[in-house]
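Q: This one is query.cif, mmCIF, C-alpha atoms.
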```
data_data
#
loop_
_atom_site.label_atom_id
_atom_site.label_comp_id
_atom_site.auth_asym_id
_atom_site.auth_seq_id
_atom_site.Cartn_x
_atom_site.Cartn_y
_atom_site.Cartn_z
CA SER A 22 0.00 0.00 0.00
CA LEU A 23 1.06 3.59 -0.59
CA PRO A 24 2.32 5.48 2.47
CA ALA A 25 -0.06 8.09 3.90
CA VAL A 26 0.85 11.59 2.88
CA ALA A 27 0.29 14.33 5.43
CA GLN A 28 -2.05 16.98 4.11
CA GLU A 29 -0.27 20.30 3.98
CA LYS A 30 -2.10 23.34 5.27
CA PRO A 31 -2.12 26.32 2.92
CA ALA A 32 0.25 29.11 3.82
CA ILE A 33 -1.22 32.19 5.44
CA THR A 34 -1.70 35.16 3.12
CA TRP A 35 -2.33 38.86 3.66
CA LYS A 36 -6.05 38.22 3.18
CA ASP A 37 -6.05 36.10 6.34
CA ILE A 38 -4.55 38.82 8.57
CA PRO A 39 -7.81 40.70 9.43
CA SER A 40 -9.45 37.50 10.74
CA TRP A 41 -6.39 36.29 12.64
CA GLN A 42 -7.46 35.58 16.25
CA TYR A 43 -5.06 36.36 19.07
CA ILE A 44 -4.85 37.56 22.70
CA ARG A 45 -3.83 41.17 23.37
CA THR A 46 -1.36 40.47 26.18
CA PHE A 47 -0.78 44.21 26.62
CA ASN A 48 -4.47 44.55 27.61
CA SER A 49 -4.27 42.02 30.44
CA SER A 50 -4.77 42.88 34.11
CA ILE A 51 -4.96 41.13 37.48
CA SER A 52 -6.95 42.19 40.53
CA PRO A 53 -5.03 43.55 43.55
CA ASP A 54 -6.04 40.49 45.62
CA GLY A 55 -4.91 38.13 42.85
CA GLN A 56 -8.35 36.51 42.57
CA TRP A 57 -9.21 37.63 39.01
CA LEU A 58 -7.40 37.86 35.68
CA THR A 59 -8.57 39.61 32.52
CA TRP A 60 -7.48 39.57 28.90
CA VAL A 61 -8.75 40.83 25.55
CA SER A 62 -8.96 38.59 22.48
CA GLY A 63 -10.36 38.66 18.98
CA PRO A 64 -9.49 39.18 15.32
CA THR A 65 -6.93 41.67 14.03
CA LYS A 66 -9.84 43.63 12.60
CA GLY A 67 -13.26 43.13 14.12
CA ASP A 68 -15.05 42.99 17.45
CA LEU A 69 -13.14 41.97 20.56
CA THR A 70 -14.03 40.09 23.74
CA LEU A 71 -13.00 40.69 27.34
CA THR A 72 -12.53 37.52 29.38
CA VAL A 73 -12.62 37.69 33.18
CA LYS A 74 -11.40 34.50 34.89
CA HIS A 75 -11.10 33.47 38.51
CA THR A 76 -7.52 32.39 39.20
CA ARG A 77 -8.36 29.50 41.57
CA ASP A 78 -11.09 27.68 39.64
CA THR A 79 -12.72 27.44 36.21
CA LEU A 80 -15.19 30.31 36.74
CA GLN A 81 -14.99 32.87 33.94
CA TYR A 82 -17.16 35.48 32.19
CA THR A 83 -16.96 37.14 28.80
CA TYR A 84 -18.09 40.62 27.73
CA PRO A 85 -18.17 42.35 24.32
CA MET A 86 -15.66 45.22 24.05
CA GLY A 87 -16.26 46.61 20.57
CA ALA A 88 -13.58 47.11 17.95
CA THR A 89 -10.98 48.80 20.18
CA GLY A 90 -9.24 46.87 22.91
CA THR A 91 -8.54 48.57 26.24
CA THR A 92 -7.34 47.31 29.60
CA ALA A 93 -9.95 46.55 32.26
CA VAL A 94 -9.39 48.23 35.64
CA PHE A 95 -10.06 46.68 39.05
CA SER A 96 -11.01 48.61 42.16
CA LYS A 97 -8.37 48.46 44.89
CA SER A 98 -10.63 46.14 46.89
CA GLY A 99 -10.92 43.78 43.91
CA TRP A 100 -14.71 43.74 44.24
CA HIS A 101 -15.47 45.69 41.06
CA LEU A 102 -14.22 45.80 37.50
CA ALA A 103 -14.63 48.65 35.02
CA PHE A 104 -13.90 48.63 31.30
CA ARG A 105 -14.62 50.66 28.18
CA GLU A 106 -16.97 49.26 25.55
CA THR A 107 -16.25 50.96 22.24
CA ALA A 108 -18.22 51.03 19.00
CA LYS A 109 -18.45 47.79 17.02
CA ASP A 110 -16.38 47.36 13.88
CA ALA A 111 -19.46 47.70 11.64
CA GLU A 112 -20.38 50.95 13.39
CA VAL A 113 -16.86 52.29 12.92
CA GLU A 114 -16.95 51.55 9.21
CA ALA A 115 -20.40 53.14 8.83
CA ALA A 116 -19.28 56.25 10.71
CA LYS A 117 -16.43 56.77 8.24
CA LYS A 118 -19.06 57.41 5.58
CA SER A 119 -21.75 59.16 7.63
CA LYS A 120 -19.26 61.20 9.74
CA LYS A 121 -21.48 60.37 12.70
CA PRO A 122 -19.69 60.69 16.05
CA LEU A 123 -19.07 57.51 18.01
CA TYR A 124 -19.12 57.27 21.78
CA THR A 125 -17.69 54.93 24.38
CA LYS A 126 -19.63 53.21 27.16
CA LEU A 127 -18.35 52.37 30.62
CA GLN A 128 -19.29 48.96 31.99
CA ILE A 129 -18.97 48.38 35.74
CA VAL A 130 -19.22 44.80 36.99
CA SER A 131 -19.69 43.60 40.57
CA LEU A 132 -17.54 40.47 40.69
CA ALA A 133 -19.46 39.02 43.64
CA ASP A 134 -22.75 38.69 41.75
CA THR A 135 -21.90 39.86 38.16
CA GLN A 136 -24.42 42.71 38.41
CA GLN A 137 -23.58 45.26 35.75
CA VAL A 138 -24.24 48.98 35.28
CA THR A 139 -23.61 51.00 32.11
CA PHE A 140 -22.77 54.67 31.57
CA ASP A 141 -22.85 56.22 28.09
CA ARG A 142 -20.69 58.86 26.38
CA ILE A 143 -17.79 58.58 28.78
CA ALA A 144 -14.36 60.17 28.39
CA ASN A 145 -12.48 58.80 31.42
CA PHE A 146 -12.99 57.21 34.83
CA ALA A 147 -11.20 56.48 38.11
CA PHE A 148 -11.91 54.39 41.21
CA SER A 149 -11.60 56.17 44.55
CA GLY A 150 -8.17 54.97 45.62
CA ASP A 151 -7.84 52.56 48.54
CA ARG A 152 -11.41 53.17 49.66
CA SER A 153 -12.90 51.85 46.39
CA ASP A 154 -16.56 52.58 47.20
CA TRP A 155 -16.82 55.34 44.56
CA ILE A 156 -16.01 55.68 40.90
CA ALA A 157 -15.72 59.03 39.12
CA ILE A 158 -16.82 59.15 35.48
CA GLY A 159 -15.96 62.06 33.20
CA LEU A 160 -18.37 62.55 30.30
CA VAL A 161 -17.65 63.87 26.81
CA PRO A 162 -18.95 67.35 25.85
CA ALA A 163 -22.59 67.56 24.90
CA GLU A 164 -23.35 67.70 21.18
CA GLY A 165 -23.29 71.32 20.04
CA ALA A 166 -21.06 72.42 22.91
CA PRO A 167 -18.55 75.14 21.95
CA ARG A 168 -15.14 73.85 20.90
CA GLY A 169 -11.86 75.61 20.41
CA GLU A 170 -8.83 76.88 22.26
CA ASN A 171 -10.78 79.48 24.25
CA SER A 172 -13.85 77.33 24.90
CA PRO A 173 -14.52 76.12 28.45
CA LYS A 174 -12.91 72.76 29.19
CA GLY A 175 -15.37 71.64 31.85
CA ASN A 176 -17.87 68.81 31.37
CA ASP A 177 -20.18 66.76 33.56
CA LEU A 178 -18.55 64.52 36.15
CA LEU A 179 -20.57 61.66 37.62
CA LEU A 180 -19.81 60.25 41.06
CA TYR A 181 -21.28 56.76 41.36
CA ASN A 182 -21.46 55.06 44.75
CA LEU A 183 -20.68 51.38 44.26
CA THR A 184 -22.36 50.44 47.55
CA ASP A 185 -25.76 52.16 47.47
CA LYS A 186 -25.78 52.75 43.67
CA THR A 187 -26.53 56.47 43.89
CA THR A 188 -25.18 58.95 41.35
CA PHE A 189 -24.17 62.60 41.81
CA ASN A 190 -23.54 65.01 38.92
CA ILE A 191 -21.03 67.86 39.13
CA GLY A 192 -21.01 70.23 36.18
CA ASN A 193 -18.15 72.04 34.41
CA VAL A 194 -15.38 69.80 35.77
CA ALA A 195 -12.12 70.06 33.83
CA GLU A 196 -9.90 67.80 35.93
CA TYR A 197 -10.31 65.57 38.97
CA ALA A 198 -8.18 63.29 41.13
CA PHE A 199 -8.77 61.17 44.22
CA ASN A 200 -6.14 61.03 46.93
CA LYS A 201 -4.52 57.68 47.81
CA ALA A 202 -6.99 56.88 50.60
CA GLY A 203 -9.93 57.75 48.37
CA ASN A 204 -11.61 59.89 51.01
CA LEU A 205 -10.93 63.17 49.17
CA LEU A 206 -11.62 64.29 45.62
CA ALA A 207 -9.91 67.39 44.25
CA TYR A 208 -11.34 68.88 41.07
CA THR A 209 -11.20 72.02 38.96
CA ILE A 210 -14.04 73.99 37.41
CA ASP A 211 -13.71 75.52 33.93
CA ALA A 212 -17.04 77.13 33.02
CA ASN A 213 -18.35 79.43 30.31
CA GLY A 214 -16.81 82.89 30.72
CA GLN A 215 -14.66 81.46 33.54
CA ASN A 216 -17.57 82.12 35.88
CA GLY A 217 -17.02 80.15 39.07
CA ASN A 218 -13.69 78.73 37.94
CA GLY A 219 -11.62 77.33 40.76
CA VAL A 220 -10.26 74.32 42.59
CA LEU A 221 -12.50 72.49 45.03
CA ILE A 222 -12.20 69.59 47.46
CA ARG A 223 -14.98 67.12 48.26
CA ASP A 224 -15.09 64.97 51.38
CA MET A 225 -16.36 61.67 49.97
CA ALA A 226 -17.73 60.51 53.33
CA THR A 227 -19.84 63.60 54.08
CA GLY A 228 -20.31 65.07 50.61
CA ILE A 229 -19.18 68.46 51.91
CA THR A 230 -17.45 70.47 49.18
CA THR A 231 -15.14 73.41 49.78
CA ALA A 232 -13.86 75.96 47.24
CA LEU A 233 -10.15 76.35 47.96
CA ASP A 234 -9.45 79.01 45.31
CA ASN A 235 -11.67 80.91 42.84
CA ASP A 236 -10.63 83.27 40.07
CA LYS A 237 -11.09 84.23 36.41
CA ALA A 238 -8.38 81.72 35.58
CA GLN A 239 -7.72 78.22 34.31
CA TYR A 240 -6.72 75.54 36.80
CA SER A 241 -4.92 72.38 35.72
CA ARG A 242 -2.58 69.48 36.53
CA ILE A 243 -3.76 68.35 39.95
CA ASN A 244 -0.99 66.30 41.56
CA TRP A 245 -1.44 64.62 44.95
CA THR A 246 1.50 63.68 47.13
CA GLU A 247 2.21 59.97 47.38
CA GLU A 248 0.66 59.88 50.85
CA GLY A 249 -2.44 61.74 49.61
CA THR A 250 -2.38 64.39 52.33
CA ALA A 251 -1.60 67.40 50.11
CA PHE A 252 -1.67 68.35 46.44
CA ALA A 253 -0.48 71.01 44.00
CA LEU A 254 -1.79 72.39 40.74
CA LEU A 255 -1.27 75.20 38.22
CA LYS A 256 -3.30 78.38 37.86
CA ALA A 257 -3.14 80.45 34.65
CA ASN A 258 -4.19 84.12 34.67
CA LYS A 259 -4.23 86.63 31.84
CA ASN A 260 -1.94 89.58 32.47
CA ASP A 261 -1.86 92.70 30.27
CA LYS A 262 1.89 93.01 30.81
CA TYR A 263 2.58 89.67 29.15
CA LYS A 264 1.65 88.13 25.81
CA SER A 265 0.97 84.71 27.30
CA GLU A 266 -0.79 83.68 30.48
CA VAL A 267 1.02 83.95 33.79
CA TYR A 268 1.18 80.69 35.72
CA SER A 269 1.12 80.27 39.46
CA VAL A 270 1.67 77.14 41.53
CA ILE A 271 -0.90 76.45 44.21
CA GLY A 272 -0.08 74.14 47.11
CA ILE A 273 -2.84 72.76 49.34
CA SER A 274 -2.03 70.98 52.60
CA LYS A 275 -3.45 70.31 56.07
CA ILE A 276 -6.76 69.71 54.34
CA ASN A 277 -9.66 70.62 56.58
CA GLY A 278 -12.37 72.33 54.55
CA PRO A 279 -12.13 76.15 54.68
CA GLN A 280 -9.27 75.85 57.20
CA SER A 281 -7.01 74.08 54.69
CA SER A 282 -3.55 75.59 54.22
CA LYS A 283 -2.96 77.28 50.83
CA VAL A 284 0.22 78.70 49.29
CA ILE A 285 0.33 80.48 45.90
CA TYR A 286 3.59 81.29 44.10
CA SER A 287 4.00 82.92 40.68
CA GLY A 288 7.51 84.37 40.77
CA LEU A 289 6.39 87.78 39.46
CA ASP A 290 7.38 89.55 42.64
CA ASP A 291 10.44 87.42 43.31
CA ALA A 292 13.59 89.31 42.33
CA ASN A 293 15.61 86.10 42.50
CA PHE A 294 13.30 84.18 40.17
CA PRO A 295 15.09 83.44 36.87
CA ALA A 296 13.69 85.39 33.90
#
```
Translate the structure of the given file into structure tokens.

A:
Amino acid sequence: SLPAVAQEKPAITWKDIPSWQYIRTFNSSISPDGQWLTWVSGPTKGDLTLTVKHTRDTLQYTYPMGATGTTAVFSKSGWHLAFRETAKDAEVEAAKKSKKPLYTKLQIVSLADTQQVTFDRIANFAFSGDRSDWIAIGLVPAEGAPRGENSPKGNDLLLYNLTDKTTFNIGNVAEYAFNKAGNLLAYTIDANGQNGNGVLIRDMATGITTALDNDKAQYSRINWTEEGTAFALLKANKNDKYKSEVYSVIGISKINGPQSSKVIYSGLDDANFPA
């Protein structure tokens, strides 16, 4: 009898590349307690899937992610998972012709019972540090909102309580940042005409909010200390003596509502400041 001849598989061609299935290792993450692992998989071009797997047994869940892969984020407690769900590949292709804007959703999953909540038209998000009972969600500008270099940078910021599932809306927020403990949220306001612009601090336990500085200025680049007990940011004012805005550094420490310590330095009145 004739020897069996192994059937050769056809070589891969460039036409096969879009449908090639693989795992995006750069979009993998593991929960802080080591109980859960996530990864993104799918074709080179097409819709992707997020897999969430328990590390000590066979339990796993899958969620659609859309055409763009991103890395899922765990809360510090490891009890919740948040990830972006982007537009599907077919929607992306259709939008290229219609010029219709596409928006991203935020999916938040409770890993204890897989309950899921969705927020639409999101720009960014952040869990509340070590405390992990809040998540802040920045939204994209409303359709028809003014755009341009001199347009206000503030948009709606949602604060969602992961425990009691209540949501608070703060308008005209340009930047925000939780401290390490997650008990404080610093944020800046950038509103139309710079009315009410400033930097504020919110006590996440009581909901009490304090304006730490207000001015017809732009505030940016909030930066907490590693311990989360103080922070600094920039303040930009227009000055008729200068072509560009004049920047000041604001330092906030000993945070205690209106009694917080504040230092502002611009260098304009400092003779030793380098020109």

Q: Calculate how many Å separate CA of Ser52 in chain A from CA of Thr72 in chain A, rounding to one decimal.

A: 13.3 Å

Q: Please determine, counting all atoms listed in the file, which residue among A:Leu102, A:Leu132, A:Ala115, A:Ile38 has the shortest atom-to-atom distance to Leu80 in chain A.

A: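 Checking each candidate against Leu80 in chain A, we get A:Leu132 as the closest.
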
Q: Name all residues at most 10 Å from Val113 in chain A (count only C-alpha atoms; drop same-chain ones fewer than 6 positions away) and give them as a ChimeraX atom specification.

A: /A:67,87-89,107,119-123

Q: I need the residue nearest Arg242 in chain A from this list: A:Glu196, A:Pro279, A:Lys264, A:Lys109. Use all atoms listed in the file for the distance.

A: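 Once distances to Arg242 in chain A are computed over all atoms listed in the file, the minimum belongs to A:Glu196.
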
Q: I would like the residues chosen by the PyMOL selection byres ((chain A and resi 180) around 8) on the shown file; could you give them as an mmCIF file with C-alpha atoms, in the frame of the given file?

A:
```cif
data_model
loop_
_atom_site.group_PDB
_atom_site.id
_atom_site.type_symbol
_atom_site.label_atom_id
_atom_site.label_comp_id
_atom_site.auth_asym_id
_atom_site.auth_seq_id
_atom_site.Cartn_x
_atom_site.Cartn_y
_atom_site.Cartn_z
ATOM 1 C CA TRP A 155 -16.820 55.340 44.560
ATOM 2 C CA ILE A 156 -16.010 55.680 40.900
ATOM 3 C CA ALA A 157 -15.720 59.030 39.120
ATOM 4 C CA ILE A 158 -16.820 59.150 35.480
ATOM 5 C CA LEU A 178 -18.550 64.520 36.150
ATOM 6 C CA LEU A 179 -20.570 61.660 37.620
ATOM 7 C CA TYR A 181 -21.280 56.760 41.360
ATOM 8 C CA ASN A 182 -21.460 55.060 44.750
ATOM 9 C CA THR A 188 -25.180 58.950 41.350
ATOM 10 C CA PHE A 189 -24.170 62.600 41.810
ATOM 11 C CA ASN A 190 -23.540 65.010 38.920
ATOM 12 C CA ILE A 191 -21.030 67.860 39.130
#
```

Q: What is the CA of Ile210 in chain A-CA of Ala195 in chain A distance in Å, reported with one decimal?

A: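 One can read the CA of Ile210 in chain A to CA of Ala195 in chain A distance as 5.7 Å.
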
Q: Between A:Ala198, A:Leu127, A:Ala93, A:Leu69, single out the one closest to Glu106 in chain A, counting all atoms listed in the file.

A: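 When distances to Glu106 in chain A are compared using all atoms listed in the file, the smallest one comes from A:Leu127.
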
Q: Please evaluate the PyMOL selection byres ((chain A and resi 85) around 7) against the structure above and give the resulting residues as a PyMOL selection string.

A: chain A and resi 69-71+83-84+86-87

Q: Regenerate range 67-82 of chain A at the level of N, CA, C and O atoms and dump it as a tab-separated table (two decimals), in the coordinates of the input.

A:
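This is the output file result30.tsv:
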```
chain	number	residue	atom	x	y	z
A	67	GLY	N	-11.95	43.65	13.78
A	67	GLY	CA	-13.26	43.13	14.12
A	67	GLY	C	-13.58	43.39	15.58
A	67	GLY	O	-12.89	44.17	16.25
A	68	ASP	N	-14.61	42.77	16.08
A	68	ASP	CA	-15.05	42.99	17.45
A	68	ASP	C	-14.30	42.09	18.42
A	68	ASP	O	-14.05	40.91	18.13
A	69	LEU	N	-13.97	42.66	19.58
A	69	LEU	CA	-13.14	41.97	20.56
A	69	LEU	C	-13.96	41.53	21.77
A	69	LEU	O	-15.08	41.99	21.99
A	70	THR	N	-13.37	40.65	22.56
A	70	THR	CA	-14.03	40.09	23.74
A	70	THR	C	-13.13	40.23	24.95
A	70	THR	O	-11.92	39.95	24.87
A	71	LEU	N	-13.72	40.66	26.06
A	71	LEU	CA	-13.00	40.69	27.34
A	71	LEU	C	-13.35	39.42	28.11
A	71	LEU	O	-14.52	39.11	28.32
A	72	THR	N	-12.33	38.70	28.55
A	72	THR	CA	-12.53	37.52	29.38
A	72	THR	C	-12.07	37.83	30.80
A	72	THR	O	-10.98	38.36	31.01
A	73	VAL	N	-12.93	37.50	31.76
A	73	VAL	CA	-12.62	37.69	33.18
A	73	VAL	C	-12.64	36.31	33.83
A	73	VAL	O	-13.68	35.64	33.84
A	74	LYS	N	-11.50	35.86	34.36
A	74	LYS	CA	-11.40	34.50	34.89
A	74	LYS	C	-10.91	34.50	36.33
A	74	LYS	O	-9.99	35.25	36.68
A	75	HIS	N	-11.55	33.66	37.14
A	75	HIS	CA	-11.10	33.47	38.51
A	75	HIS	C	-9.82	32.64	38.48
A	75	HIS	O	-9.71	31.67	37.72
A	76	THR	N	-8.84	33.03	39.28
A	76	THR	CA	-7.52	32.39	39.20
A	76	THR	C	-7.44	31.05	39.93
A	76	THR	O	-6.47	30.31	39.75
A	77	ARG	N	-8.45	30.73	40.77
A	77	ARG	CA	-8.36	29.50	41.57
A	77	ARG	C	-9.35	28.42	41.16
A	77	ARG	O	-9.40	27.36	41.78
A	78	ASP	N	-10.17	28.70	40.14
A	78	ASP	CA	-11.09	27.68	39.64
A	78	ASP	C	-11.39	27.97	38.17
A	78	ASP	O	-10.72	28.79	37.54
A	79	THR	N	-12.41	27.31	37.63
A	79	THR	CA	-12.72	27.44	36.21
A	79	THR	C	-13.73	28.54	35.91
A	79	THR	O	-14.13	28.72	34.76
A	80	LEU	N	-14.18	29.27	36.93
A	80	LEU	CA	-15.19	30.31	36.74
A	80	LEU	C	-14.66	31.42	35.85
A	80	LEU	O	-13.58	31.99	36.11
A	81	GLN	N	-15.38	31.76	34.79
A	81	GLN	CA	-14.99	32.87	33.94
A	81	GLN	C	-16.21	33.45	33.23
A	81	GLN	O	-17.23	32.78	33.04
A	82	TYR	N	-16.10	34.75	32.87
A	82	TYR	CA	-17.16	35.48	32.19
A	82	TYR	C	-16.56	36.17	30.97
A	82	TYR	O	-15.36	36.48	30.94
```
